[in-house]
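Peer 1: The following file, query_38.csv, comprises CSV, C-alpha atoms and all ligand atoms:
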chain,number,residue,atom,x,y,z
A,1,MET,CA,71.7,-0.1,-12.2
A,2,ARG,CA,71.7,3.1,-14.3
A,3,SER,CA,73.3,2.9,-17.7
A,4,LEU,CA,74.1,5.7,-20.1
A,5,ILE,CA,74.4,4.8,-23.8
A,6,THR,CA,76.2,7.2,-26.2
A,7,GLY,CA,75.3,6.7,-29.9
A,8,ALA,CA,72.0,5.2,-28.8
A,9,CYS,CA,70.2,6.1,-32.0
A,10,GLY,CA,72.7,4.1,-34.0
A,11,PHE,CA,72.3,0.5,-35.2
A,12,VAL,CA,73.9,-1.3,-32.1
A,13,GLY,CA,72.9,1.4,-29.6
A,14,SER,CA,69.2,0.8,-30.3
A,15,TYR,CA,69.6,-2.9,-29.7
A,16,LEU,CA,71.6,-2.3,-26.6
A,17,ALA,CA,69.0,0.1,-25.1
A,18,SER,CA,66.4,-2.7,-25.5
A,19,GLU,CA,68.8,-5.4,-24.1
A,20,LEU,CA,69.7,-3.3,-21.0
A,21,ALA,CA,66.1,-2.2,-20.4
A,22,SER,CA,64.9,-5.9,-20.6
A,23,ALA,CA,67.6,-6.9,-18.1
A,24,GLY,CA,66.3,-4.3,-15.6
A,25,HIS,CA,68.8,-1.5,-16.2
A,26,GLU,CA,67.5,2.1,-16.0
A,27,VAL,CA,68.6,3.3,-19.4
A,28,ILE,CA,69.5,6.8,-20.4
A,29,ALA,CA,70.0,7.1,-24.2
A,30,THR,CA,72.0,9.9,-25.8
A,31,ASP,CA,73.0,10.7,-29.4
A,32,VAL,CA,73.7,13.7,-31.6
A,33,ASN,CA,70.5,13.0,-33.4
A,34,GLU,CA,67.0,13.7,-32.2
A,35,PHE,CA,65.3,10.3,-31.8
A,36,PRO,CA,63.3,9.5,-34.9
A,37,ALA,CA,59.9,11.3,-35.0
A,38,ASP,CA,58.3,8.3,-36.5
A,39,GLU,CA,59.3,6.2,-33.5
A,40,GLY,CA,56.9,3.3,-33.3
A,41,ALA,CA,56.5,2.9,-37.1
A,42,ASP,CA,58.8,-0.1,-37.3
A,43,ARG,CA,57.3,-1.6,-34.2
A,44,ARG,CA,53.8,-1.3,-35.7
A,45,ARG,CA,55.0,-2.6,-39.1
A,46,SER,CA,56.8,-5.6,-37.8
A,47,GLY,CA,54.9,-6.6,-34.7
A,48,ALA,CA,56.2,-6.6,-31.2
A,49,GLU,CA,59.7,-7.8,-32.1
A,50,ALA,CA,61.4,-4.6,-33.1
A,51,PRO,CA,64.3,-4.1,-30.7
A,52,TRP,CA,66.0,-1.8,-33.1
A,53,ARG,CA,63.4,0.9,-32.4
A,54,PRO,CA,63.3,1.3,-28.6
A,55,ALA,CA,60.8,3.6,-26.9
A,56,PHE,CA,63.1,6.6,-26.5
A,57,GLY,CA,61.4,9.4,-24.7
A,58,ARG,CA,58.8,7.1,-23.1
A,59,GLU,CA,60.1,3.9,-21.3
A,60,ILE,CA,63.7,5.0,-22.0
A,61,ALA,CA,64.9,8.5,-21.1
A,62,TYR,CA,66.6,10.4,-23.9
A,63,ARG,CA,68.9,13.4,-23.9
A,64,ARG,CA,70.4,14.8,-27.1
A,65,CYS,CA,74.2,15.5,-26.7
A,66,ASP,CA,77.0,16.0,-29.1
A,67,ILE,CA,80.0,14.1,-27.6
A,68,LEU,CA,82.3,16.7,-29.2
A,69,ASP,CA,80.9,19.3,-26.8
A,70,ALA,CA,83.1,18.6,-23.7
A,71,ASP,CA,81.0,20.8,-21.3
A,72,ALA,CA,77.8,19.1,-22.5
A,73,VAL,CA,79.2,15.6,-22.0
A,74,LYS,CA,80.5,16.6,-18.5
A,75,ALA,CA,77.1,18.0,-17.6
A,76,LEU,CA,75.3,14.9,-19.0
A,77,ILE,CA,77.4,12.6,-16.9
A,78,ALA,CA,77.2,14.7,-13.7
A,79,ASP,CA,73.4,15.1,-14.1
A,80,THR,CA,72.6,11.5,-14.8
A,81,ARG,CA,75.3,9.9,-12.5
A,82,PRO,CA,75.3,6.6,-14.4
A,83,ASP,CA,76.8,3.3,-13.0
A,84,ASN,CA,77.8,2.3,-16.5
A,85,VAL,CA,78.7,4.3,-19.6
A,86,PHE,CA,78.4,2.4,-22.8
A,87,HIS,CA,80.3,4.5,-25.3
A,88,LEU,CA,79.1,3.7,-28.8
A,89,ALA,CA,78.9,7.1,-30.4
A,90,ALA,CA,81.2,7.3,-33.4
A,91,GLN,CA,81.8,7.9,-37.0
A,92,SER,CA,81.5,4.2,-37.6
A,93,SER,CA,82.3,3.7,-41.3
A,94,ALA,CA,85.8,2.7,-42.4
A,95,ALA,CA,84.9,3.6,-46.0
A,96,ARG,CA,83.6,7.1,-45.0
A,97,SER,CA,86.8,7.6,-43.0
A,98,LEU,CA,88.8,7.6,-46.2
A,99,GLU,CA,86.8,10.6,-47.4
A,100,GLU,CA,86.5,12.3,-44.0
A,101,PRO,CA,89.5,11.4,-41.9
A,102,ARG,CA,89.4,14.6,-39.7
A,103,LEU,CA,85.7,14.1,-38.7
A,104,THR,CA,86.4,10.5,-38.0
A,105,LEU,CA,89.4,11.2,-35.8
A,106,GLU,CA,87.7,14.1,-34.0
A,107,THR,CA,84.5,12.2,-33.3
A,108,ASN,CA,86.1,8.9,-32.2
A,109,VAL,CA,89.2,10.1,-30.4
A,110,PHE,CA,88.1,13.5,-28.9
A,111,GLY,CA,84.6,12.2,-28.4
A,112,THR,CA,86.0,9.4,-26.3
A,113,LEU,CA,88.3,11.8,-24.5
A,114,ASN,CA,85.3,13.9,-23.5
A,115,VAL,CA,83.5,10.8,-22.1
A,116,LEU,CA,86.6,9.7,-20.2
A,117,GLU,CA,87.1,13.2,-18.8
A,118,GLY,CA,83.5,13.5,-17.9
A,119,VAL,CA,83.8,10.4,-15.8
A,120,ARG,CA,87.2,11.3,-14.3
A,121,ARG,CA,85.9,14.7,-13.2
A,122,LEU,CA,82.8,13.1,-11.6
A,123,ALA,CA,84.4,10.0,-10.1
A,124,PRO,CA,86.0,11.5,-7.0
A,125,VAL,CA,82.7,12.9,-5.8
A,126,CYS,CA,80.6,10.0,-7.1
A,127,PRO,CA,78.9,8.0,-4.4
A,128,GLY,CA,79.6,4.3,-4.9
A,129,ALA,CA,78.3,3.1,-8.2
A,130,GLU,CA,76.4,-0.2,-8.3
A,131,THR,CA,79.1,-1.9,-10.3
A,132,ARG,CA,81.4,-4.7,-9.2
A,133,SER,CA,84.3,-2.2,-8.7
A,134,GLY,CA,82.1,0.4,-7.0
A,135,LYS,CA,83.2,2.8,-9.8
A,136,ILE,CA,81.5,4.0,-12.9
A,137,ARG,CA,82.2,1.3,-15.5
A,138,ILE,CA,83.0,2.6,-19.1
A,139,LEU,CA,82.6,0.2,-22.0
A,140,SER,CA,84.6,1.6,-24.9
A,141,VAL,CA,83.6,0.0,-28.2
A,142,GLY,CA,86.5,-0.6,-30.5
A,143,SER,CA,86.9,-2.6,-33.7
A,144,CYS,CA,88.7,-5.6,-35.2
A,145,GLU,CA,89.9,-3.1,-37.8
A,146,GLU,CA,92.5,-2.0,-35.2
A,147,TYR,CA,94.4,-5.2,-36.1
A,148,GLY,CA,94.7,-4.3,-39.7
A,149,ARG,CA,95.9,-6.5,-42.6
A,150,ARG,CA,97.1,-9.8,-41.2
A,151,SER,CA,98.0,-13.0,-42.9
A,152,PRO,CA,95.5,-15.9,-42.9
A,153,GLY,CA,98.0,-18.0,-40.8
A,154,GLU,CA,97.6,-15.6,-37.9
A,155,MET,CA,93.9,-16.3,-37.5
A,156,PRO,CA,92.1,-16.4,-35.1
A,157,LEU,CA,93.5,-13.1,-33.7
A,158,GLY,CA,93.9,-12.8,-30.0
A,159,GLU,CA,93.9,-9.5,-28.1
A,160,LYS,CA,97.8,-9.6,-28.0
A,161,SER,CA,98.0,-9.6,-31.8
A,162,PRO,CA,99.8,-6.5,-33.2
A,163,VAL,CA,97.7,-3.5,-33.9
A,164,GLU,CA,98.4,-2.1,-37.4
A,165,PRO,CA,95.5,0.0,-38.5
A,166,ALA,CA,94.9,0.4,-42.3
A,167,SER,CA,92.3,3.3,-42.4
A,168,PRO,CA,91.6,6.5,-40.5
A,169,TYR,CA,88.7,4.7,-38.9
A,170,ALA,CA,91.0,1.9,-37.7
A,171,VAL,CA,93.5,4.5,-36.4
A,172,SER,CA,90.8,6.3,-34.6
A,173,LYS,CA,89.6,3.1,-32.9
A,174,ALA,CA,93.1,2.0,-32.0
A,175,ALA,CA,93.6,5.5,-30.4
A,176,GLN,CA,90.3,5.2,-28.6
A,177,THR,CA,91.2,1.9,-27.1
A,178,MET,CA,94.7,3.1,-26.1
A,179,LEU,CA,93.3,6.3,-24.6
A,180,ALA,CA,90.6,4.4,-22.6
A,181,MET,CA,93.2,2.0,-21.2
A,182,GLN,CA,95.5,4.9,-20.4
A,183,TYR,CA,92.8,6.5,-18.3
A,184,ALA,CA,92.4,3.1,-16.5
A,185,ARG,CA,96.1,3.0,-15.8
A,186,SER,CA,96.7,6.6,-15.0
A,187,PHE,CA,93.5,7.6,-13.1
A,188,GLY,CA,92.1,4.2,-12.0
A,189,LEU,CA,89.0,4.4,-14.2
A,190,ASP,CA,87.1,1.2,-14.5
A,191,VAL,CA,87.4,0.6,-18.3
A,192,VAL,CA,86.5,-2.4,-20.4
A,193,ALA,CA,87.4,-2.0,-24.1
A,194,THR,CA,86.0,-4.1,-26.9
A,195,ARG,CA,87.5,-5.0,-30.2
A,196,SER,CA,84.2,-5.8,-31.9
A,197,PHE,CA,84.3,-7.9,-35.1
A,198,SER,CA,81.7,-7.6,-37.9
A,199,HIS,CA,78.0,-7.8,-36.8
A,200,THR,CA,74.7,-7.5,-38.6
A,201,GLY,CA,71.0,-7.6,-38.1
A,202,PRO,CA,67.7,-5.9,-39.0
A,203,ALA,CA,68.0,-2.1,-39.4
A,204,GLN,CA,71.7,-2.1,-40.2
A,205,SER,CA,72.4,0.4,-43.0
A,206,GLU,CA,72.5,-0.9,-46.5
A,207,ARG,CA,76.0,0.5,-46.9
A,208,PHE,CA,77.2,-2.6,-45.1
A,209,VAL,CA,77.6,-5.8,-47.1
A,210,LEU,CA,75.1,-8.3,-45.7
A,211,PRO,CA,72.2,-5.8,-45.6
A,212,SER,CA,73.0,-4.9,-49.2
A,213,PHE,CA,72.9,-8.6,-50.3
A,214,ALA,CA,69.8,-9.2,-48.2
A,215,ARG,CA,67.9,-6.3,-49.8
A,216,GLN,CA,68.8,-7.4,-53.3
A,217,CYS,CA,67.7,-11.0,-52.6
A,218,ALA,CA,64.5,-9.9,-51.0
A,219,GLU,CA,63.8,-7.7,-54.0
A,220,ILE,CA,64.4,-10.6,-56.3
A,221,LYS,CA,62.0,-12.8,-54.3
A,222,ALA,CA,59.3,-10.0,-54.5
A,223,GLY,CA,59.9,-9.7,-58.3
A,224,LYS,CA,61.1,-6.2,-57.9
A,225,ARG,CA,64.5,-6.8,-59.4
A,226,PRO,CA,65.9,-9.1,-62.1
A,227,PRO,CA,67.7,-12.1,-60.7
A,228,VAL,CA,71.1,-10.4,-60.6
A,229,VAL,CA,73.0,-9.6,-57.3
A,230,LYS,CA,75.7,-6.9,-57.6
A,231,VAL,CA,78.6,-7.5,-55.3
A,232,GLY,CA,82.1,-6.3,-54.5
A,233,ASN,CA,84.8,-8.6,-53.3
A,234,ILE,CA,83.0,-11.7,-52.0
A,235,GLY,CA,86.2,-13.7,-51.5
A,236,VAL,CA,87.0,-11.9,-48.2
A,237,VAL,CA,86.4,-13.8,-44.9
A,238,ARG,CA,85.0,-12.0,-41.9
A,239,ASP,CA,83.9,-13.0,-38.4
A,240,PHE,CA,80.2,-12.1,-38.0
A,241,LEU,CA,78.0,-12.0,-35.0
A,242,ASP,CA,74.3,-11.5,-34.8
A,243,VAL,CA,73.8,-8.0,-33.2
A,244,ARG,CA,71.7,-9.6,-30.5
A,245,ASP,CA,74.8,-11.6,-29.4
A,246,VAL,CA,76.9,-8.4,-29.5
A,247,VAL,CA,74.7,-6.4,-27.2
A,248,ARG,CA,74.3,-9.4,-24.8
A,249,ALA,CA,78.1,-9.5,-24.7
A,250,TYR,CA,78.2,-5.7,-23.9
A,251,ARG,CA,75.7,-6.1,-21.1
A,252,MET,CA,77.6,-9.1,-19.6
A,253,MET,CA,80.9,-7.2,-19.9
A,254,ALA,CA,79.4,-4.4,-17.7
A,255,ASP,CA,77.6,-6.7,-15.3
A,256,GLU,CA,80.0,-9.6,-14.9
A,257,VAL,CA,83.6,-8.9,-15.9
A,258,ASP,CA,86.1,-8.2,-13.1
A,259,GLY,CA,88.9,-5.7,-13.7
A,260,THR,CA,89.8,-3.6,-16.7
A,261,GLY,CA,91.0,-5.0,-20.1
A,262,VAL,CA,90.6,-5.3,-23.8
A,263,TYR,CA,88.3,-8.1,-25.2
A,264,ASN,CA,87.5,-9.4,-28.6
A,265,VAL,CA,83.8,-9.6,-29.3
A,266,CYS,CA,83.5,-12.2,-32.1
A,267,SER,CA,82.1,-15.6,-33.1
A,268,GLY,CA,85.5,-17.2,-33.6
A,269,ARG,CA,84.4,-18.5,-37.0
A,270,GLY,CA,85.2,-17.2,-40.5
A,271,LEU,CA,82.4,-16.6,-43.0
A,272,LYS,CA,83.3,-16.1,-46.6
A,273,LEU,CA,81.0,-13.5,-48.1
A,274,ALA,CA,80.3,-15.7,-51.0
A,275,ASP,CA,78.9,-18.4,-48.6
A,276,ALA,CA,76.7,-15.8,-46.9
A,277,LEU,CA,75.4,-14.7,-50.3
A,278,ASP,CA,74.6,-18.4,-51.2
A,279,ILE,CA,72.4,-18.6,-48.1
A,280,LEU,CA,70.6,-15.4,-48.9
A,281,VAL,CA,70.1,-16.4,-52.5
A,282,ARG,CA,68.6,-19.7,-51.3
A,283,PHE,CA,66.2,-17.7,-49.1
A,284,SER,CA,65.1,-15.8,-52.2
A,285,GLY,CA,64.0,-19.1,-53.8
A,286,ALA,CA,65.5,-17.9,-57.1
A,287,SER,CA,68.7,-18.8,-59.0
A,288,ALA,CA,70.3,-15.4,-59.1
A,289,ARG,CA,73.4,-14.5,-61.2
A,290,ILE,CA,76.2,-12.8,-59.3
A,291,GLU,CA,77.7,-9.8,-61.0
A,292,GLN,CA,81.0,-8.1,-59.9
A,293,ASP,CA,80.6,-4.3,-59.5
A,294,SER,CA,84.0,-2.6,-59.3
A,295,ALA,CA,82.4,0.4,-57.6
A,296,LEU,CA,81.6,-1.9,-54.6
A,297,ALA,CA,85.1,-3.3,-54.2
A,298,ARG,CA,87.1,-1.4,-51.5
A,299,PRO,CA,90.7,-0.7,-52.4
A,300,ALA,CA,93.1,-2.8,-50.3
A,301,ASP,CA,90.4,-4.8,-48.6
A,302,ILE,CA,91.6,-6.9,-45.7
A,303,GLU,CA,91.4,-10.5,-46.9
A,304,VAL,CA,90.6,-12.3,-43.7
A,305,LEU,CA,89.7,-11.2,-40.2
A,306,VAL,CA,88.7,-13.8,-37.6
A,307,GLY,CA,88.9,-13.4,-33.9
A,308,ASP,CA,89.5,-15.5,-30.8
A,309,ASN,CA,86.9,-15.0,-28.2
A,310,ALA,CA,88.3,-17.2,-25.4
A,311,LYS,CA,89.2,-14.3,-23.2
A,312,LEU,CA,85.6,-13.0,-23.2
A,313,ARG,CA,84.1,-16.5,-22.7
A,314,ARG,CA,86.4,-17.0,-19.6
A,315,ALA,CA,85.7,-13.6,-18.2
A,316,CYS,CA,81.9,-13.7,-18.2
A,317,GLY,CA,80.6,-17.0,-19.6
A,318,TRP,CA,79.3,-15.3,-22.7
A,319,GLU,CA,78.9,-17.3,-25.9
A,320,PRO,CA,77.0,-16.6,-29.1
A,321,ARG,CA,73.5,-18.1,-29.4
A,322,HIS,CA,72.7,-17.3,-33.0
A,323,SER,CA,74.1,-19.4,-35.9
A,324,THR,CA,75.1,-17.8,-39.2
A,325,GLU,CA,71.8,-19.2,-40.6
A,326,THR,CA,69.6,-17.6,-38.0
A,327,MET,CA,71.5,-14.3,-38.2
A,328,LEU,CA,70.9,-14.2,-42.0
A,329,GLN,CA,67.3,-15.4,-41.6
A,330,ALA,CA,66.5,-12.4,-39.3
A,331,LEU,CA,68.2,-10.0,-41.8
A,332,PHE,CA,66.4,-11.5,-44.8
A,333,GLU,CA,63.0,-11.4,-43.1
A,334,TYR,CA,63.5,-7.8,-42.2
A,335,TRP,CA,64.3,-6.9,-45.8
A,336,GLU,CA,61.4,-9.0,-47.1
A,337,ARG,CA,59.0,-6.9,-44.9
A,338,LEU,CA,60.5,-3.6,-46.0
A,339,VAL,CA,60.6,-4.5,-49.7
A,340,ARG,CA,57.0,-5.6,-49.6
A,341,GLU,CA,55.9,-2.3,-48.0
A,342,ARG,CA,57.9,0.0,-50.3
B,1,LIG,O1,76.5,9.9,-37.5
B,1,LIG,P1,75.0,9.8,-37.1
B,1,LIG,O2,74.2,11.1,-37.3
B,1,LIG,O3,74.3,8.6,-37.7
B,1,LIG,O4,75.0,9.6,-35.5
B,1,LIG,C1,75.8,8.6,-34.9
B,1,LIG,C2,76.2,8.9,-33.5
B,1,LIG,N1,77.2,10.0,-33.5
B,1,LIG,C3,77.3,10.9,-32.5
B,1,LIG,N2,76.7,11.0,-31.3
B,1,LIG,C4,77.0,12.0,-30.5
B,1,LIG,N3,77.9,13.0,-30.8
B,1,LIG,C5,78.5,12.9,-32.0
B,1,LIG,N4,79.4,13.9,-32.3
B,1,LIG,C6,78.3,11.9,-32.9
B,1,LIG,N5,78.7,11.5,-34.1
B,1,LIG,C7,78.1,10.4,-34.5
B,1,LIG,O5,76.7,7.7,-33.0
B,1,LIG,C8,75.0,7.3,-34.7
B,1,LIG,O6,73.7,7.5,-34.3
B,1,LIG,C9,75.8,6.7,-33.5
B,1,LIG,C10,76.7,5.5,-34.0
B,1,LIG,O7,75.9,4.6,-34.6
B,1,LIG,P2,76.2,3.8,-36.0
B,1,LIG,O8,76.9,4.7,-36.9
B,1,LIG,O9,74.9,3.2,-36.4
B,1,LIG,O10,77.2,2.7,-35.6
B,1,LIG,P3,77.0,1.3,-35.0
B,1,LIG,O11,77.1,0.3,-36.1
B,1,LIG,O12,75.8,1.2,-34.1
B,1,LIG,O13,78.3,1.1,-34.1
B,1,LIG,C11,78.4,1.3,-32.7
B,1,LIG,C12,79.8,1.3,-32.3
B,1,LIG,C13,80.7,2.4,-32.9
B,1,LIG,O14,81.6,2.9,-32.0
B,1,LIG,C14,81.4,1.7,-34.1
B,1,LIG,O15,82.6,2.4,-34.4
B,1,LIG,C15,81.6,0.3,-33.4
B,1,LIG,O16,80.4,0.1,-32.7
B,1,LIG,O17,81.7,-0.7,-34.4
Turn this file's structure into structure tokens for me.
Ligand code: A2R
Peer 2:
Amino acid sequence: MRSLITGACGFVGSYLASELASAGHEVIATDVNEFPADEGADRRRSGAEAPWRPAFGREIAYRRCDILDADAVKALIADTRPDNVFHLAAQSSAARSLEEPRLTLETNVFGTLNVLEGVRRLAPVCPGAETRSGKIRILSVGSCEEYGRRSPGEMPLGEKSPVEPASPYAVSKAAQTMLAMQYARSFGLDVVATRSFSHTGPAQSERFVLPSFARQCAEIKAGKRPPVVKVGNIGVVRDFLDVRDVVRAYRMMADEVDGTGVYNVCSGRGLKLADALDILVRFSGASARIEQDSALARPADIEVLVGDNAKLRRACGWEPRHSTETMLQALFEYWERLVRER
């Protein structure tokens, strides 16, 4: 089974490359970035368990490709002839999309169009793929942000909930999902689309909330920061998965789900950010003061987003394996190591 991953140098793409390679897929990784030159540094630093830094260019084939270059994407797909395309490449930040709406829409919508077209052009001449459908399977990664601002009474959100995006990022992901499903309907492409809720783990950027808390708590524990954690709005409730559960869901969606469709990828439980912070502060062993920083609060933050994962469970038997506590533990330990070495 040959699997192409776009956005493979990103947070989730790196974990997915390791997950697929461990499950016996032949992985071809691609991204707009060259894979990091210090590849192996994290692995050496943290022991064998460093799935966020896979061996691109060695065990895992790597090809640089800008998904906005339609010809390059077409050539990549024709040359590599994958059974699965895991499409993760994106401008992935909702906050950045407010500053850069054009880049966000171009990357996420036209990038997806290029991937879909690349497969559509190849599919008629493609010898039977090793997937359940015998066609190239495309996993299009969307977002819970597509649902937009919903009332707490509507939780947990099922896939049939209205889609009312509240940022250019959310619009781009809603358009990506609609476009991918339109290619399934109009051209018979084998598309599975996700609406992935929040996720975290080691190596996620500090611009996301839980890594930011984890870093501050690790610095407090190491005596490198006074016992004060700066936060934005910690009253919001989100549905968090450990990134290891997310990439296992993506692999199972490629390997085991029959037919096309849209699936929530989520834990089904709400986590108030204040409660996540309590756990991280406990790991620090200190009694930290929490300080509101208005610069960290997003305007018009969505108050609560919790998903229903029943459809995904039914389709492939996936269920999350990591609790909130083990997810936060892995994150905290990663930041502890990094803070110690800085
Ligand atoms: O923006 P960069 O330089 O960090 O590169 C990102 C890459 N990317 C591209 N790859 C090919 N052609 C492009 N034109 C292009 N623009 C951006 O996609 C990055 O290496 C990768 C996305 O990874 P992250 O930003 O770390 O996102 P994450 O958290 O791994 O999310 C994966 C997927 C995305 O579709 C999100 O929208 C969704 O899950 O939540």
Peer 1: Could you give me the residues within 6 Å of ligand LIG 1 (chain B), counting only C-alpha atoms and all ligand atoms, as a VMD selection string?
Peer 2: chain A and resid 7 9 to 13 31 to 33 65 to 68 88 to 92 107 141 to 143
Peer 1: For the residues in that selection, give me C-alpha atoms as a PDB file, in the frame of the given file.
Peer 2:
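That gives us part_32.pdb:
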ATOM      1  CA  GLY A   7      75.300   6.700 -29.900  1.00  0.00           C
ATOM      2  CA  CYS A   9      70.200   6.100 -32.000  1.00  0.00           C
ATOM      3  CA  GLY A  10      72.700   4.100 -34.000  1.00  0.00           C
ATOM      4  CA  PHE A  11      72.300   0.500 -35.200  1.00  0.00           C
ATOM      5  CA  VAL A  12      73.900  -1.300 -32.100  1.00  0.00           C
ATOM      6  CA  GLY A  13      72.900   1.400 -29.600  1.00  0.00           C
ATOM      7  CA  ASP A  31      73.000  10.700 -29.400  1.00  0.00           C
ATOM      8  CA  VAL A  32      73.700  13.700 -31.600  1.00  0.00           C
ATOM      9  CA  ASN A  33      70.500  13.000 -33.400  1.00  0.00           C
ATOM     10  CA  CYS A  65      74.200  15.500 -26.700  1.00  0.00           C
ATOM     11  CA  ASP A  66      77.000  16.000 -29.100  1.00  0.00           C
ATOM     12  CA  ILE A  67      80.000  14.100 -27.600  1.00  0.00           C
ATOM     13  CA  LEU A  68      82.300  16.700 -29.200  1.00  0.00           C
ATOM     14  CA  LEU A  88      79.100   3.700 -28.800  1.00  0.00           C
ATOM     15  CA  ALA A  89      78.900   7.100 -30.400  1.00  0.00           C
ATOM     16  CA  ALA A  90      81.200   7.300 -33.400  1.00  0.00           C
ATOM     17  CA  GLN A  91      81.800   7.900 -37.000  1.00  0.00           C
ATOM     18  CA  SER A  92      81.500   4.200 -37.600  1.00  0.00           C
ATOM     19  CA  THR A 107      84.500  12.200 -33.300  1.00  0.00           C
ATOM     20  CA  VAL A 141      83.600   0.000 -28.200  1.00  0.00           C
ATOM     21  CA  GLY A 142      86.500  -0.600 -30.500  1.00  0.00           C
ATOM     22  CA  SER A 143      86.900  -2.600 -33.700  1.00  0.00           C
TER      23      SER A 143
END
Peer 1: Skip Ala330 (chain A) itself and residues of its chain fewer than 5 positions away, then list as an NGL selection string all residues within 9 Å of it, counting only C-alpha atoms.
Peer 2: :A and (201-202 or 325 or 335)
Peer 1: Need the shell around Glu154 (chain A): protein/DNA/RNA residues with any atom at most 12 Å away, counting only C-alpha atoms. Skip same-chain ones fewer than 6 positions apart. Format as a list in words?
Peer 2: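 Skipping anything fewer than 6 positions along the chain leaves Tyr147, Gly148, Lys160, Ser161, Pro162, Val304, Leu305, Val306, Gly307 and Asp308 of chain A.
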Peer 1: Just want the 6 Å neighbourhood of region 313-320 of chain A, counted on only C-alpha atoms, with same-chain residues fewer than 2 positions away dropped. Output as a list in words.
Peer 2: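 What passes the distance filter is Asp245, Glu256, Val257, Ala310, Lys311 and His322 of chain A.
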Peer 1: Grab the CA of Ala8 (chain A) to CA of His199 (chain A) distance for me, in Å with one decimal place.
Peer 2: 16.4 Å
Peer 1: Out of A:Arg251, A:Val265, A:Gly259, A:Leu271, which residue has the shortest atom-to-atom distance to Val237 (chain A) when counting all atoms listed in the file?
Peer 2: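 Ranked by minimum distance to Val237 (chain A), first place goes to A:Leu271.
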Peer 1: Check the smallest atom-to-atom distance from each of A:Gly134, A:Pro152, A:Pro54, A:Pro168 to Glu100 (chain A) using all atoms listed in the file, then report the winner.
Peer 2: A:Pro168
Peer 1: One decimal, in Å: what's the spacing between CA of Glu303 (chain A) and CA of Pro165 (chain A)?
Peer 2: 14.1 Å
Peer 1: Could you give me, as a Markdown table, every region 174-292 of chain A residue with an atom at most 12 Å from region 73-84 of chain A, plus its closest atom pair and distance in Å to one decimal, counting only C-alpha atoms, rows ordered by chain then number?
Peer 2:
| residue | atom | partner | partner_atom | distance |
| --- | --- | --- | --- | --- |
| A:Leu189 | CA | A:Asn84 | CA | 11.6 |
| A:Asp190 | CA | A:Asn84 | CA | 9.6 |
| A:Val191 | CA | A:Asn84 | CA | 9.9 |
| A:Val192 | CA | A:Asn84 | CA | 10.6 |
| A:Tyr250 | CA | A:Asn84 | CA | 10.9 |
| A:Arg251 | CA | A:Asn84 | CA | 9.8 |
| A:Met252 | CA | A:Asn84 | CA | 11.8 |
| A:Met253 | CA | A:Asn84 | CA | 10.6 |
| A:Ala254 | CA | A:Asn84 | CA | 7.0 |
| A:Asp255 | CA | A:Asn84 | CA | 9.1 |
Peer 1: Using all atoms listed in the file, which of A:Arg248, A:Leu241, A:Ser133, A:Gly261 sits nearest Ala193 (chain A)?
Peer 2: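 Checking each candidate against Ala193 (chain A), we get A:Gly261 as the closest.
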Peer 1: Find the residues around Phe86 (chain A) up to 6 Å (only C-alpha atoms counted), leave out those fewer than 3 positions away in its own chain, and share them as a list in words.
Peer 2: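 The contact residues come out as Ile5, Ile138 and Leu139 of chain A.
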Peer 1: Those same residues - C-alpha atoms - I'd like them written as a tab-separated table (two decimals), in the frame of the given file.
Peer 2:
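Result written to part22.tsv:
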chain	number	residue	atom	x	y	z
A	5	ILE	CA	74.40	4.80	-23.80
A	138	ILE	CA	83.00	2.60	-19.10
A	139	LEU	CA	82.60	0.20	-22.00
Peer 1: With only C-alpha atoms as the basis for distance, which of A:Asp258, A:Glu341, A:Glu146, A:Glu219 is at the shortest distance from Leu280 (chain A)?
Peer 2: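 Residue with the minimum atom-to-atom distance to Leu280 (chain A): A:Glu219.
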